[in-house]
Amino acid sequence: MDIVCIVESAPAGIAPTAALPKSRSNASLNSASSADNSPTLCEQARELGAADNGAAALSHSREICFLDLTPGELSVSEALGGRSPATIECLRINRCRMDGKTFACLVDDLCSHDLPSLHTVDVSQNQLSGIEAGAALARLLSQARAVRFLSLGWNKLSLADLRPVIADATAAMSGAHNVECLDLRANPLTAPGNSRRSSKKLSKRLHAVEADDEWLGSLVACMPKLTHVQLAQAAIGDKPLISLLHSLTRTSSAIEYIGLEWLGLGNRLPVLRAIMANLVSPSQVLHLNLSANHLGDSGVEVIATSGAVLSSLTLACNFITERGTGMLAKWLPMSGLRTLDLSDNYFGDQGV
């Protein structure tokens, strides 16, 4: 079987750059870049219709779009104009400094309408945090049961904040059941989401996550159609990350893509080893993105000796040398790989 290998190596003495094209598989390679320049899982929404700055969408658009507004300017009625809510397919609220309370009020307004066609919810690049935000999200998913693309990136959400989504999923027709793409990038998933909260409350939230990682399996189970998960740049502890990846790869046969860029796995090799140990099933068509994790040759050794079976693997920007490529070459025949991305690393012609 032929393997496509991308080997655009960084010149000697020059640090690897994040020059890969923006796509669902290699987003967020540059931690210095702002969220403004990073794609979300909801990119399809941008093709559904043009809208102005969010105050009032064009009459033919199937999108409710709020961009760069203040929380006080968010009005569903104004955004709808004369359109029927039943025609709305995409909800985008980006860079509006929206917190959990504002989101809850907006969801109350949205849930007063019938939203049978809504398939994309993009509330990335806001300030969502707390159980109030999670409860509002659960209500929205219950009302809009056709949602397939859910983008929550660049907020202040913890994993504990998503518990209401699981509780609501006990309903037979919960909207979470249809979610295919989940974006949680750059969230403090197991870290304080709001520094103004008392340390006592924060301690309880973190303890709830760390002490009972099994519930993460319920989070995955309530989204049985999940195919794409983005966790790049998220702050997530070792145990929750391992538990979440275990649930994704062992209980969800539909999973196709897992993005783990910028998680510092080069300094968390036991975690990397545990993650790779879950990827031994040849029945899955899985693309794993480990870009920009400072893996080095030591991380490559963990991967190459793990027995993992993958369809596609991205190892861009990981300081890999000729020694690492040698280990990968030995692993390739048994890896199941069809595509291997090694761009922006440190090996030269010998490594190739």
# chains A, B, ... in the order shown; residues from 1 in each chain; ligands from 1
$ closest_atom_pairs --of "region 296-321 of chain A" --to "region 256-267 of chain A" --cutoff "8 Å" --atoms "only C-alpha atoms" --output "Markdown table"
| residue | atom | partner | partner_atom | distance |
| --- | --- | --- | --- | --- |
| A:Gly296 | CA | A:Gly266 | CA | 6.9 |
| A:Ser298 | CA | A:Gly266 | CA | 7.8 |
| A:Gly299 | CA | A:Gly266 | CA | 5.9 |
$ residues_around --residues "region 180-183 of chain A" --least-positions-apart "6" --cutoff "8 Å" --atoms "only C-alpha atoms" --output "list of chain:residue names"
A:Thr40, A:Leu41, A:Arg148, A:Phe149, A:Leu150, A:Ser151, A:Leu152, A:Gly153, A:Met223, A:Lys225, A:Leu226, A:Thr227, A:His228, A:Val229, A:Gln230, A:Leu231
$ atom_distance --atom1 "CA of Val302 (chain A)" --atom2 "CA of Gly237 (chain A)"
19.5 Å
$ atom_distance --atom1 "CA of Thr321 (chain A)" --atom2 "CA of Leu340 (chain A)"
15.2 Å
$ residues_around --residues "Val271 (chain A)" --least-positions-apart "4" --cutoff "9 Å" --atoms "only C-alpha atoms" --output "PyMOL selection string"
chain A and resi 238-239+241-242+265+275-276
$ closest_residue --among "A:Arg338, A:Leu332, A:Gln233, A:Thr325" --to "Ser291 (chain A)" --atoms "only C-alpha atoms"
A:Gln233
$ residues_around --residues "Leu128 (chain A)" --least-positions-apart "5" --cutoff "7 Å" --atoms "only C-alpha atoms" --output "ChimeraX atom specification"
/A:98-100,133,155-157
$ write_last_selection --atoms "C-alpha atoms" --output "PDB file, in the first residue's frame"
ATOM      1  CA  MET A  98     -20.445  36.881  25.828  1.00  0.00           C
ATOM      2  CA  ASP A  99     -20.387  35.243  29.273  1.00  0.00           C
ATOM      3  CA  GLY A 100     -22.524  32.416  30.593  1.00  0.00           C
ATOM      4  CA  ALA A 133     -23.274  28.207  30.230  1.00  0.00           C
ATOM      5  CA  ASN A 155     -13.840  30.295  25.770  1.00  0.00           C
ATOM      6  CA  LYS A 156     -13.350  29.647  29.504  1.00  0.00           C
ATOM      7  CA  LEU A 157     -15.166  26.335  29.734  1.00  0.00           C
TER       8      LEU A 157
END
$ residues_around --residues "region 327-330 of chain A" --least-positions-apart "6" --cutoff "10 Å" --atoms "only C-alpha atoms" --output "MDAnalysis selection string"
chainID A and resid 297 300:305 340 351:352
$ write_last_selection --atoms "C-alpha atoms" --output "mmCIF file, in the first residue's frame"
data_model
loop_
_atom_site.group_PDB
_atom_site.id
_atom_site.type_symbol
_atom_site.label_atom_id
_atom_site.label_comp_id
_atom_site.auth_asym_id
_atom_site.auth_seq_id
_atom_site.Cartn_x
_atom_site.Cartn_y
_atom_site.Cartn_z
ATOM 1 C CA ASP A 297 12.839 11.825 18.880
ATOM 2 C CA VAL A 300 8.565 9.523 18.132
ATOM 3 C CA GLU A 301 10.008 6.467 19.890
ATOM 4 C CA VAL A 302 6.853 6.245 22.044
ATOM 5 C CA ILE A 303 4.700 6.384 18.904
ATOM 6 C CA ALA A 304 6.794 3.933 16.883
ATOM 7 C CA THR A 305 6.845 1.303 19.648
ATOM 8 C CA LEU A 340 2.243 10.915 7.344
ATOM 9 C CA GLY A 351 16.158 11.647 7.251
ATOM 10 C CA VAL A 352 14.018 11.553 4.120
#
$ closest_residue --among "A:Gln127, A:Asn345, A:Ser218, A:Thr120" --to "Trp154 (chain A)" --atoms "only C-alpha atoms"
A:Gln127
$ residues_around --residues "Asp114 (chain A)" --least-positions-apart "2" --cutoff "9 Å" --atoms "only C-alpha atoms" --output "number ranges by chain"
A: 85-86, 110-112, 116-117, 143-144
$ write_last_selection --atoms "N, CA, C and O atoms" --output "JSON list (two decimals), in the first residue's frame"
[["chain", "number", "residue", "atom", "x", "y", "z"],
["A", 85, "PRO", "N", -37.77, 31.55, 11.65],
["A", 85, "PRO", "CA", -36.74, 30.81, 12.39],
["A", 85, "PRO", "C", -36.52, 29.40, 11.84],
["A", 85, "PRO", "O", -35.42, 28.85, 11.96],
["A", 86, "ALA", "N", -37.54, 28.85, 11.21],
["A", 86, "ALA", "CA", -37.43, 27.48, 10.68],
["A", 86, "ALA", "C", -36.43, 27.38, 9.54],
["A", 86, "ALA", "O", -35.98, 26.28, 9.21],
["A", 110, "LEU", "N", -33.78, 32.27, 21.88],
["A", 110, "LEU", "CA", -33.74, 31.34, 20.75],
["A", 110, "LEU", "C", -34.73, 30.20, 20.92],
["A", 110, "LEU", "O", -35.39, 29.78, 19.97],
["A", 111, "CYS", "N", -34.86, 29.71, 22.15],
["A", 111, "CYS", "CA", -35.72, 28.55, 22.40],
["A", 111, "CYS", "C", -37.21, 28.90, 22.36],
["A", 111, "CYS", "O", -38.05, 28.00, 22.45],
["A", 112, "SER", "N", -37.50, 30.19, 22.23],
["A", 112, "SER", "CA", -38.91, 30.56, 22.05],
["A", 112, "SER", "C", -39.33, 30.37, 20.59],
["A", 112, "SER", "O", -40.49, 30.58, 20.24],
["A", 116, "PRO", "N", -35.85, 23.86, 13.51],
["A", 116, "PRO", "CA", -35.67, 22.49, 12.98],
["A", 116, "PRO", "C", -34.50, 22.33, 12.03],
["A", 116, "PRO", "O", -34.01, 21.22, 11.82],
["A", 117, "SER", "N", -34.03, 23.44, 11.42],
["A", 117, "SER", "CA", -32.98, 23.35, 10.40],
["A", 117, "SER", "C", -31.60, 23.72, 10.93],
["A", 117, "SER", "O", -30.61, 23.60, 10.19],
["A", 143, "GLN", "N", -33.58, 22.05, 22.03],
["A", 143, "GLN", "CA", -34.52, 22.74, 21.15],
["A", 143, "GLN", "C", -34.15, 22.55, 19.67],
["A", 143, "GLN", "O", -35.01, 22.34, 18.82],
["A", 144, "ALA", "N", -32.86, 22.63, 19.40],
["A", 144, "ALA", "CA", -32.37, 22.50, 18.01],
["A", 144, "ALA", "C", -31.73, 21.12, 17.88],
["A", 144, "ALA", "O", -30.51, 20.96, 18.03]]
